[in-house]
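What follows is entry_10.csv (CSV, C-alpha atoms and all ligand atoms).
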chain,number,residue,atom,x,y,z
A,1,MET,CA,6.1,150.1,23.5
A,2,HIS,CA,8.0,153.3,24.5
A,3,ASP,CA,11.6,154.5,25.2
A,4,SER,CA,11.4,157.0,28.0
A,5,HIS,CA,15.1,157.9,28.1
A,6,ILE,CA,17.5,158.2,25.1
A,7,HIS,CA,19.9,160.7,23.5
A,8,LEU,CA,19.0,160.6,19.8
A,9,ASN,CA,21.4,163.5,19.1
A,10,LEU,CA,24.5,161.4,20.0
A,11,ASP,CA,26.5,159.3,17.5
A,12,PRO,CA,25.7,156.8,16.0
A,13,LEU,CA,22.0,157.3,16.6
A,14,CYS,CA,21.9,160.8,15.0
A,15,ARG,CA,23.4,159.5,11.8
A,16,ASN,CA,20.6,156.9,11.3
A,17,ILE,CA,17.4,158.5,12.6
A,18,PRO,CA,15.1,157.3,9.8
A,19,GLU,CA,16.4,153.7,10.1
A,20,ILE,CA,16.2,153.8,13.9
A,21,ILE,CA,12.6,155.1,13.9
A,22,ASN,CA,11.6,152.4,11.3
A,23,ASN,CA,13.1,149.7,13.5
A,24,PHE,CA,11.2,151.0,16.5
A,25,VAL,CA,7.8,151.4,14.7
A,26,SER,CA,8.1,147.9,13.1
A,27,LYS,CA,8.5,146.4,16.6
A,28,GLY,CA,5.3,148.2,17.8
A,29,GLY,CA,7.1,151.3,19.2
A,30,LYS,CA,4.9,154.4,19.8
A,31,HIS,CA,6.8,157.0,21.8
A,32,ILE,CA,10.4,158.0,22.4
A,33,LEU,CA,11.5,160.7,24.9
A,34,THR,CA,14.8,162.1,23.8
A,35,GLN,CA,16.8,164.1,26.3
A,36,SER,CA,19.3,166.9,26.1
A,37,THR,CA,22.1,167.3,28.6
A,38,ASP,CA,23.7,170.8,28.1
A,39,ASN,CA,23.2,174.1,26.3
A,40,ILE,CA,24.8,172.8,23.1
A,41,ASP,CA,22.5,169.9,22.3
A,42,ILE,CA,19.2,171.6,22.9
A,43,GLN,CA,18.8,172.6,19.3
A,44,GLU,CA,20.0,169.3,17.9
A,45,THR,CA,17.4,167.5,20.2
A,46,LEU,CA,14.6,169.8,19.1
A,47,ASP,CA,15.5,169.4,15.4
A,48,ILE,CA,15.5,165.6,15.5
A,49,ALA,CA,12.2,165.5,17.3
A,50,ALA,CA,10.6,167.9,14.8
A,51,ARG,CA,11.2,165.3,12.1
A,52,TYR,CA,8.8,162.8,13.8
A,53,PRO,CA,6.5,164.9,16.0
A,54,ASP,CA,4.0,162.0,16.6
A,55,ILE,CA,6.7,159.7,17.8
A,56,ILE,CA,9.6,161.7,19.4
A,57,ASP,CA,8.9,163.8,22.5
A,58,VAL,CA,11.5,166.2,23.9
A,59,ALA,CA,13.0,166.5,27.4
A,60,LEU,CA,15.4,169.4,28.0
A,61,GLY,CA,17.7,169.5,30.9
A,62,LEU,CA,21.2,170.0,32.4
A,63,HIS,CA,23.0,166.8,33.2
A,64,PRO,CA,24.9,167.0,36.5
A,65,THR,CA,28.3,166.0,35.0
A,66,ILE,CA,28.3,168.9,32.5
A,67,PHE,CA,29.5,171.2,35.2
A,68,GLU,CA,32.9,169.5,35.6
A,69,GLU,CA,33.0,169.0,31.8
A,70,THR,CA,32.5,172.7,31.0
A,71,THR,CA,35.0,173.9,33.7
A,72,ILE,CA,37.8,171.9,35.4
A,73,LEU,CA,38.1,169.4,32.6
A,74,LYS,CA,38.5,172.2,30.1
A,75,GLY,CA,41.1,174.0,32.2
A,76,ARG,CA,38.8,176.5,33.8
A,77,THR,CA,39.6,176.6,37.5
A,78,LYS,CA,38.6,180.2,38.6
A,79,ASN,CA,35.1,181.5,39.4
A,80,ILE,CA,33.5,178.1,38.6
A,81,TYR,CA,30.4,178.9,40.7
A,82,GLU,CA,29.7,182.1,38.8
A,83,PHE,CA,30.4,180.5,35.4
A,84,CYS,CA,28.0,177.6,36.2
A,85,ASN,CA,25.3,180.0,37.4
A,86,ARG,CA,25.5,181.9,34.1
A,87,TYR,CA,25.3,178.5,32.3
A,88,MET,CA,22.1,177.7,34.2
A,89,ASP,CA,20.7,181.2,33.3
A,90,GLU,CA,21.4,180.5,29.6
A,91,PHE,CA,19.7,177.1,29.9
A,92,GLU,CA,16.6,178.6,31.4
A,93,LYS,CA,16.4,181.2,28.6
A,94,LYS,CA,16.6,178.5,25.9
A,95,PHE,CA,14.2,176.2,27.8
A,96,GLU,CA,11.6,178.9,28.2
A,97,LYS,CA,11.9,180.0,24.5
A,98,ASN,CA,11.1,176.4,23.5
A,99,ILE,CA,8.6,175.6,26.2
A,100,SER,CA,5.7,174.8,23.8
A,101,LYS,CA,7.8,171.8,22.5
A,102,VAL,CA,8.9,170.4,25.8
A,103,LYS,CA,7.3,167.3,27.5
A,104,ALA,CA,9.7,166.9,30.4
A,105,ILE,CA,12.8,168.3,32.2
A,106,GLY,CA,15.8,166.0,31.7
A,107,GLU,CA,18.3,164.8,32.0
A,108,THR,CA,18.7,166.4,35.4
A,109,GLY,CA,19.7,165.1,38.8
A,110,LEU,CA,23.0,164.6,40.8
A,111,ASP,CA,26.1,162.5,40.2
A,112,TYR,CA,28.9,162.3,42.8
A,113,TYR,CA,30.3,159.3,41.1
A,114,GLN,CA,31.8,160.6,37.9
A,115,PHE,CA,34.1,163.3,39.4
A,116,SER,CA,35.2,160.9,42.1
A,117,LEU,CA,36.8,158.8,39.4
A,118,ASN,CA,38.9,161.7,38.1
A,119,GLN,CA,42.2,162.1,39.8
A,120,SER,CA,42.7,165.6,38.4
A,121,ILE,CA,39.7,167.0,40.3
A,122,GLU,CA,40.7,168.0,43.9
A,123,ARG,CA,38.6,167.3,47.0
A,124,ALA,CA,37.7,171.0,47.4
A,125,GLN,CA,36.7,171.2,43.7
A,126,GLN,CA,34.5,168.1,44.2
A,127,GLU,CA,32.7,169.8,47.1
A,128,GLU,CA,32.1,172.9,45.0
A,129,LEU,CA,30.8,170.8,42.1
A,130,GLN,CA,28.4,169.1,44.5
A,131,GLU,CA,27.0,172.5,45.5
A,132,ILE,CA,26.7,173.5,41.9
A,133,GLN,CA,24.9,170.3,41.0
A,134,LYS,CA,22.4,170.8,43.8
A,135,LEU,CA,21.7,174.4,42.8
A,136,SER,CA,21.2,173.3,39.2
A,137,PHE,CA,18.8,170.5,40.3
A,138,ARG,CA,16.8,172.9,42.5
A,139,ARG,CA,16.5,175.4,39.6
A,140,GLN,CA,15.3,172.6,37.3
A,141,ILE,CA,12.7,171.5,39.9
A,142,ALA,CA,11.5,175.2,40.1
A,143,LEU,CA,11.0,175.0,36.3
A,144,SER,CA,9.2,171.7,36.7
A,145,LYS,CA,6.7,173.4,39.2
A,146,LYS,CA,6.3,176.5,37.1
A,147,TYR,CA,5.4,174.6,33.9
A,148,ASN,CA,3.9,171.5,35.5
A,149,LEU,CA,6.4,169.2,33.7
A,150,PRO,CA,7.8,165.9,34.9
A,151,LEU,CA,11.5,165.3,35.7
A,152,SER,CA,13.7,162.6,34.2
A,153,ILE,CA,16.2,162.1,37.0
A,154,HIS,CA,19.8,160.8,36.9
A,155,ALA,CA,21.0,159.8,40.4
A,156,ARG,CA,24.2,157.8,40.4
A,157,ASP,CA,26.1,156.9,43.6
A,158,ILE,CA,29.7,155.9,44.3
A,159,GLN,CA,29.7,152.2,44.9
A,160,ARG,CA,28.4,151.2,48.3
A,161,ARG,CA,27.6,154.9,49.1
A,162,LYS,CA,24.2,156.5,49.3
A,163,ASP,CA,24.9,160.3,49.3
A,164,THR,CA,23.7,161.0,45.8
A,165,VAL,CA,20.3,159.3,46.0
A,166,ARG,CA,19.8,160.6,49.5
A,167,ASP,CA,20.5,164.2,48.4
A,168,VAL,CA,18.2,163.8,45.4
A,169,LEU,CA,15.3,162.6,47.6
A,170,ARG,CA,16.0,165.3,50.2
A,171,ILE,CA,15.9,168.1,47.6
A,172,LEU,CA,12.8,166.7,46.0
A,173,VAL,CA,11.0,166.8,49.4
A,174,GLU,CA,12.3,170.3,50.2
A,175,GLU,CA,11.5,171.8,46.9
A,176,GLY,CA,8.4,170.1,45.8
A,177,LYS,CA,6.9,167.3,47.9
A,178,GLY,CA,3.6,166.3,46.3
A,179,GLU,CA,4.1,169.0,43.6
A,180,VAL,CA,6.7,167.4,41.3
A,181,LYS,CA,6.5,164.1,39.4
A,182,GLY,CA,8.8,162.2,37.2
A,183,SER,CA,11.0,159.2,36.8
A,184,PHE,CA,14.3,157.9,38.3
A,185,HIS,CA,15.9,156.8,35.1
A,186,SER,CA,18.2,153.8,35.1
A,187,TYR,CA,18.0,153.4,38.9
A,188,THR,CA,20.8,151.2,40.1
A,189,GLY,CA,21.0,152.7,43.6
A,190,ASP,CA,20.4,151.1,47.0
A,191,ILE,CA,17.1,149.2,47.1
A,192,SER,CA,16.3,150.7,50.5
A,193,PHE,CA,15.4,154.0,48.9
A,194,LEU,CA,12.8,152.4,46.7
A,195,GLU,CA,10.1,152.9,49.2
A,196,ASP,CA,10.7,156.7,49.3
A,197,ILE,CA,10.9,157.0,45.5
A,198,LEU,CA,7.5,155.3,45.2
A,199,ALA,CA,6.0,157.2,48.1
A,200,LEU,CA,6.9,160.5,46.3
A,201,GLY,CA,4.9,159.2,43.4
A,202,PHE,CA,7.8,158.7,41.1
A,203,TYR,CA,8.3,156.1,38.3
A,204,VAL,CA,11.4,153.9,37.8
A,205,GLY,CA,13.0,153.5,34.4
A,206,PHE,CA,14.5,150.1,33.4
A,207,ASN,CA,17.0,149.5,30.6
A,208,ALA,CA,19.3,146.8,29.2
A,209,ILE,CA,21.0,146.4,32.6
A,210,ILE,CA,18.3,143.9,33.4
A,211,THR,CA,19.3,141.8,30.4
A,212,TYR,CA,23.0,141.5,31.7
A,213,PRO,CA,24.2,138.6,33.8
A,214,SER,CA,25.6,141.2,36.2
A,215,GLY,CA,22.2,143.0,36.5
A,216,GLU,CA,20.9,140.9,39.4
A,217,ASN,CA,20.6,143.9,41.7
A,218,VAL,CA,18.5,145.8,39.2
A,219,ARG,CA,16.3,142.8,38.5
A,220,GLU,CA,15.7,142.7,42.3
A,221,ILE,CA,14.6,146.4,42.2
A,222,LEU,CA,12.3,145.6,39.2
A,223,LYS,CA,10.6,142.9,41.3
A,224,GLN,CA,9.7,145.4,43.9
A,225,VAL,CA,8.4,148.2,41.6
A,226,PRO,CA,4.6,147.8,40.9
A,227,LEU,CA,3.6,147.6,37.2
A,228,GLU,CA,1.9,150.9,37.5
A,229,ARG,CA,5.3,152.6,38.2
A,230,ILE,CA,7.5,151.0,35.6
A,231,LEU,CA,8.9,152.7,32.5
A,232,PHE,CA,11.2,151.3,29.9
A,233,GLU,CA,14.2,153.1,28.3
A,234,THR,CA,17.4,152.4,26.5
A,235,ASP,CA,19.6,155.3,27.5
A,236,GLY,CA,20.9,154.9,24.0
A,237,PRO,CA,23.4,155.0,22.5
A,238,PHE,CA,24.8,153.7,25.8
A,239,LEU,CA,23.9,150.3,27.3
A,240,PRO,CA,23.4,147.9,24.3
A,241,THR,CA,21.3,144.9,25.2
A,242,GLN,CA,22.9,141.5,26.1
A,243,SER,CA,22.1,140.1,22.7
A,244,VAL,CA,23.9,143.0,21.0
A,245,ARG,CA,26.8,142.8,23.3
A,246,LYS,CA,27.2,139.0,22.7
A,247,ASN,CA,26.8,139.3,18.9
A,248,SER,CA,30.3,139.3,17.4
A,249,ASN,CA,28.9,140.2,13.9
A,250,ILE,CA,27.8,143.6,15.2
A,251,LYS,CA,30.8,145.9,15.0
A,252,GLU,CA,29.3,149.1,16.3
A,253,LYS,CA,27.5,148.2,19.5
A,254,PHE,CA,24.9,150.7,20.8
A,255,ALA,CA,21.4,150.8,22.1
A,256,GLN,CA,18.4,152.0,20.0
A,257,PRO,CA,14.7,152.3,20.8
A,258,ALA,CA,13.7,149.0,19.2
A,259,ASP,CA,15.8,147.2,21.8
A,260,VAL,CA,13.1,148.0,24.4
A,261,ARG,CA,11.4,144.8,23.0
A,262,GLU,CA,14.3,142.6,24.4
A,263,ILE,CA,14.3,144.6,27.7
A,264,MET,CA,10.5,144.0,28.1
A,265,GLU,CA,10.9,140.3,27.4
A,266,VAL,CA,13.2,140.0,30.3
A,267,ALA,CA,11.0,142.2,32.5
A,268,ALA,CA,7.9,140.1,31.7
A,269,LYS,CA,9.8,137.0,33.0
A,270,VAL,CA,11.0,138.9,36.1
A,271,LYS,CA,7.5,140.2,36.9
A,272,ASP,CA,5.8,137.0,35.8
A,273,VAL,CA,3.3,138.8,33.7
A,274,SER,CA,2.4,138.5,30.0
A,275,MET,CA,4.0,140.8,27.4
A,276,GLU,CA,0.6,142.2,26.5
A,277,LYS,CA,-0.2,143.2,30.0
A,278,LEU,CA,3.3,144.6,30.7
A,279,GLU,CA,3.1,146.6,27.4
A,280,SER,CA,-0.4,148.0,27.9
A,281,VAL,CA,0.2,149.1,31.5
A,282,THR,CA,3.7,150.6,31.0
A,283,ASP,CA,2.6,152.5,27.8
A,284,GLU,CA,-0.2,153.9,29.8
A,285,ASN,CA,2.4,155.0,32.5
A,286,TYR,CA,4.3,156.8,29.8
A,287,LYS,CA,1.2,158.6,28.6
A,288,THR,CA,0.1,159.5,32.2
A,289,LEU,CA,3.5,160.9,33.1
A,290,PHE,CA,4.6,162.7,30.0
A,291,LEU,CA,1.6,163.3,27.7
A,292,ILE,CA,-1.3,164.2,29.9
A,301,ZN,ZN,20.8,159.6,29.8

Could you spell out this file's structure in structure tokens?
Amino acid sequence: MHDSHIHLNLDPLCRNIPEIINNFVSKGGKHILTQSTDNIDIQETLDIAARYPDIIDVALGLHPTIFEETTILKGRTKNIYEFCNRYMDEFEKKFEKNISKVKAIGETGLDYYQFSLNQSIERAQQEELQEIQKLSFRRQIALSKKYNLPLSIHARDIQRRKDTVRDVLRILVEEGKGEVKGSFHSYTGDISFLEDILALGFYVGFNAIITYPSGENVREILKQVPLERILFETDGPFLPTQSVRKNSNIKEKFAQPADVREIMEVAAKVKDVSMEKLESVTDENYKTLFLI
């Protein structure tokens, strides 16, 4: 069992690392890939992983939404492009300094959804943010090629629109067709793109969304992804499983790596395959993508 996408540095996970690792190992857990999202959490992520080097692997990346978070949402409205470019330079320095400890680049990708919800971000600013996100994604793909590391990709679309995933796929083809590998984490986009994602050799990460009554579209995606391309993840502390959501005795509801067991039980039913088979194939997928 593995968790291919989580943020162990975030509350409440970071406050309970030994307990969380224990829970995971006692359910047969082997590997966790914890992901950074900005220039601040790189060190926290590395420090947590260093405590359990045989279990916790590290992905370092710049999440697409950090560019609005570090600029417009903080009141910075001038020279945004230059500021973000310097932010990317700083990321690359930190990334390269720690390269020996890195197994993947992530969380990276594009997100045209988050800023579209924010009334305070004007149309022209949204367009500028899109360009900045694309530049950042291209620069992280360049790192992926330089160091032969897989990408953990976040590609989130505005409801019923397809621009984000389309741009992610276009950029992957332009920058590195056949040269880059990785996973589309928590893919909830249009099912029509699945063929392209698989043709590019990418894996697809499934989390607790498949345990929710509302997760029918993602269960449909899961049905169409071959076992050899499936990864599991929690995206913890976000996305608690359905059993945690329903349990009124649990006050603080969050996702942790041990929850992958519940996610896999649902996946085994959807794929009509035994837990043993599902676990052995997908653990091998994790090793092939991130550890070899
Ligand atoms: Zn994430």

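Between atom CA of Lys78 of chain A and atom CA of Glu92 of chain A the interatomic distance comes to 23.2 Å.
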
Counting all atoms listed in the file, what are the residues, protein, DNA or RNA alike, that approach ligand ZN 301 (chain A) to within 12 Å? I want them as a PyMOL selection string. chain A and resi 3-10+33-38+59-65+106-109+152-156+184-187+205-207+233-239+255

For Ser183 of chain A, the nearest of the candidates A:Leu143, A:Phe137, A:Ile105, A:Lys269, counting only C-alpha atoms: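 When distances to Ser183 of chain A are compared using only C-alpha atoms, the smallest one comes from A:Ile105.
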
Neighbour residues at most 8 Å from (6.4, 169.3, 27.3) (all atoms listed in the file) as a PDB file with C-alpha atoms, in the frame of the given file:
ATOM      1  CA  ASP A  57       8.900 163.800  22.500  1.00  0.00           C
ATOM      2  CA  VAL A  58      11.500 166.200  23.900  1.00  0.00           C
ATOM      3  CA  ALA A  59      13.000 166.500  27.400  1.00  0.00           C
ATOM      4  CA  ILE A  99       8.600 175.600  26.200  1.00  0.00           C
ATOM      5  CA  SER A 100       5.700 174.800  23.800  1.00  0.00           C
ATOM      6  CA  LYS A 101       7.800 171.800  22.500  1.00  0.00           C
ATOM      7  CA  VAL A 102       8.900 170.400  25.800  1.00  0.00           C
ATOM      8  CA  LYS A 103       7.300 167.300  27.500  1.00  0.00           C
ATOM      9  CA  ALA A 104       9.700 166.900  30.400  1.00  0.00           C
ATOM     10  CA  LEU A 149       6.400 169.200  33.700  1.00  0.00           C
ATOM     11  CA  PHE A 290       4.600 162.700  30.000  1.00  0.00           C
ATOM     12  CA  LEU A 291       1.600 163.300  27.700  1.00  0.00           C
TER      13      LEU A 291
END

Extract, using all atoms listed in the file, all DNA, RNA and protein residues at most 9 Å from segment 190-194 of chain A, discarding same-chain residues fewer than 5 positions from it, and format them as a list in words. Asp157, Arg160, Arg161, Lys162, Val165, Arg166, Leu169, Ala199, Asn217, Val218, Glu220, Ile221, Gln224 and Val225 of chain A

Please measure the separation of atom CA of Lys93 of chain A and atom CA of Ile141 of chain A, giving the value in Å to one decimal. 15.3 Å

So, with all atoms listed in the file as the atoms that count, which of A:Glu228, A:Glu265, A:Asp54, A:Asp259 lies closest to Ser280 of chain A?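 Nearest candidate to Ser280 of chain A out of A:Glu228, A:Glu265, A:Asp54, A:Asp259: A:Glu228.
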
From A:Asp167, A:Gln256, A:Ile17, A:Glu262, residue lying nearest Ala50 of chain A [all atoms listed in the file]: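 Closest to Ala50 of chain A, using all atoms listed in the file: A:Ile17.
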
Quick one: residues within 9 Å of Asp283 of chain A, only C-alpha atoms, excluding same-chain residues fewer than 5 positions away - as a short mmCIF file (atom, residue, chain, number, x, y, z; two decimals) with C-alpha atoms, in the frame of the given file?
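Output (selection23.cif):
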data_model
loop_
_atom_site.label_atom_id
_atom_site.label_comp_id
_atom_site.auth_asym_id
_atom_site.auth_seq_id
_atom_site.Cartn_x
_atom_site.Cartn_y
_atom_site.Cartn_z
CA MET A 1 6.10 150.10 23.50
CA HIS A 2 8.00 153.30 24.50
CA LYS A 30 4.90 154.40 19.80
CA HIS A 31 6.80 157.00 21.80
CA LEU A 231 8.90 152.70 32.50
CA PHE A 232 11.20 151.30 29.90
CA LEU A 278 3.30 144.60 30.70
CA THR A 288 0.10 159.50 32.20
#

Got a minute to add N, CA and C atoms to segment 187-209 of chain A and dump it as a compact mmCIF listing (two decimals), keeping the file's coordinate frame?
# COMPACT_ATOMS: atom_id res chain seq x y z
N TYR A 187 17.66 153.42 37.44
CA TYR A 187 18.00 153.40 38.90
C TYR A 187 18.76 152.14 39.24
N THR A 188 19.98 152.36 39.73
CA THR A 188 20.80 151.20 40.10
C THR A 188 21.26 151.40 41.59
N GLY A 189 20.63 152.33 42.28
CA GLY A 189 21.00 152.70 43.60
C GLY A 189 20.56 151.65 44.66
N ASP A 190 20.70 152.04 45.91
CA ASP A 190 20.40 151.10 47.00
C ASP A 190 18.85 150.86 47.01
N ILE A 191 18.51 149.59 47.21
CA ILE A 191 17.10 149.20 47.10
C ILE A 191 16.29 149.79 48.30
N SER A 192 17.00 150.17 49.38
CA SER A 192 16.30 150.70 50.50
C SER A 192 15.61 152.05 50.26
N PHE A 193 16.05 152.75 49.20
CA PHE A 193 15.40 154.00 48.90
C PHE A 193 14.15 153.89 48.05
N LEU A 194 13.91 152.66 47.58
CA LEU A 194 12.80 152.40 46.70
C LEU A 194 11.46 152.89 47.26
N GLU A 195 11.30 152.59 48.54
CA GLU A 195 10.10 152.90 49.20
C GLU A 195 9.82 154.46 49.15
N ASP A 196 10.87 155.25 49.38
CA ASP A 196 10.70 156.70 49.30
C ASP A 196 10.44 157.19 47.92
N ILE A 197 11.13 156.58 46.94
CA ILE A 197 10.90 157.00 45.50
C ILE A 197 9.46 156.76 45.16
N LEU A 198 8.92 155.61 45.52
CA LEU A 198 7.50 155.30 45.20
C LEU A 198 6.55 156.15 46.00
N ALA A 199 6.91 156.41 47.27
CA ALA A 199 6.00 157.20 48.10
C ALA A 199 5.93 158.66 47.58
N LEU A 200 6.98 159.13 46.91
CA LEU A 200 6.90 160.50 46.30
C LEU A 200 6.14 160.48 45.02
N GLY A 201 5.69 159.30 44.59
CA GLY A 201 4.90 159.20 43.40
C GLY A 201 5.68 159.06 42.11
N PHE A 202 7.00 158.80 42.26
CA PHE A 202 7.80 158.70 41.10
C PHE A 202 7.80 157.33 40.42
N TYR A 203 8.14 157.31 39.14
CA TYR A 203 8.30 156.10 38.30
C TYR A 203 9.73 155.67 38.32
N VAL A 204 9.99 154.42 37.92
CA VAL A 204 11.40 153.90 37.80
C VAL A 204 11.60 153.41 36.40
N GLY A 205 12.69 153.89 35.76
CA GLY A 205 13.00 153.50 34.40
C GLY A 205 13.99 152.33 34.34
N PHE A 206 13.65 151.29 33.56
CA PHE A 206 14.50 150.10 33.40
C PHE A 206 15.03 149.98 32.01
N ASN A 207 16.33 149.66 31.91
CA ASN A 207 17.00 149.50 30.60
C ASN A 207 17.68 148.20 30.48
N ALA A 208 18.65 148.11 29.52
CA ALA A 208 19.30 146.80 29.20
C ALA A 208 20.09 146.24 30.37
N ILE A 209 20.31 146.99 31.42
CA ILE A 209 21.00 146.40 32.60
C ILE A 209 20.31 145.16 33.06
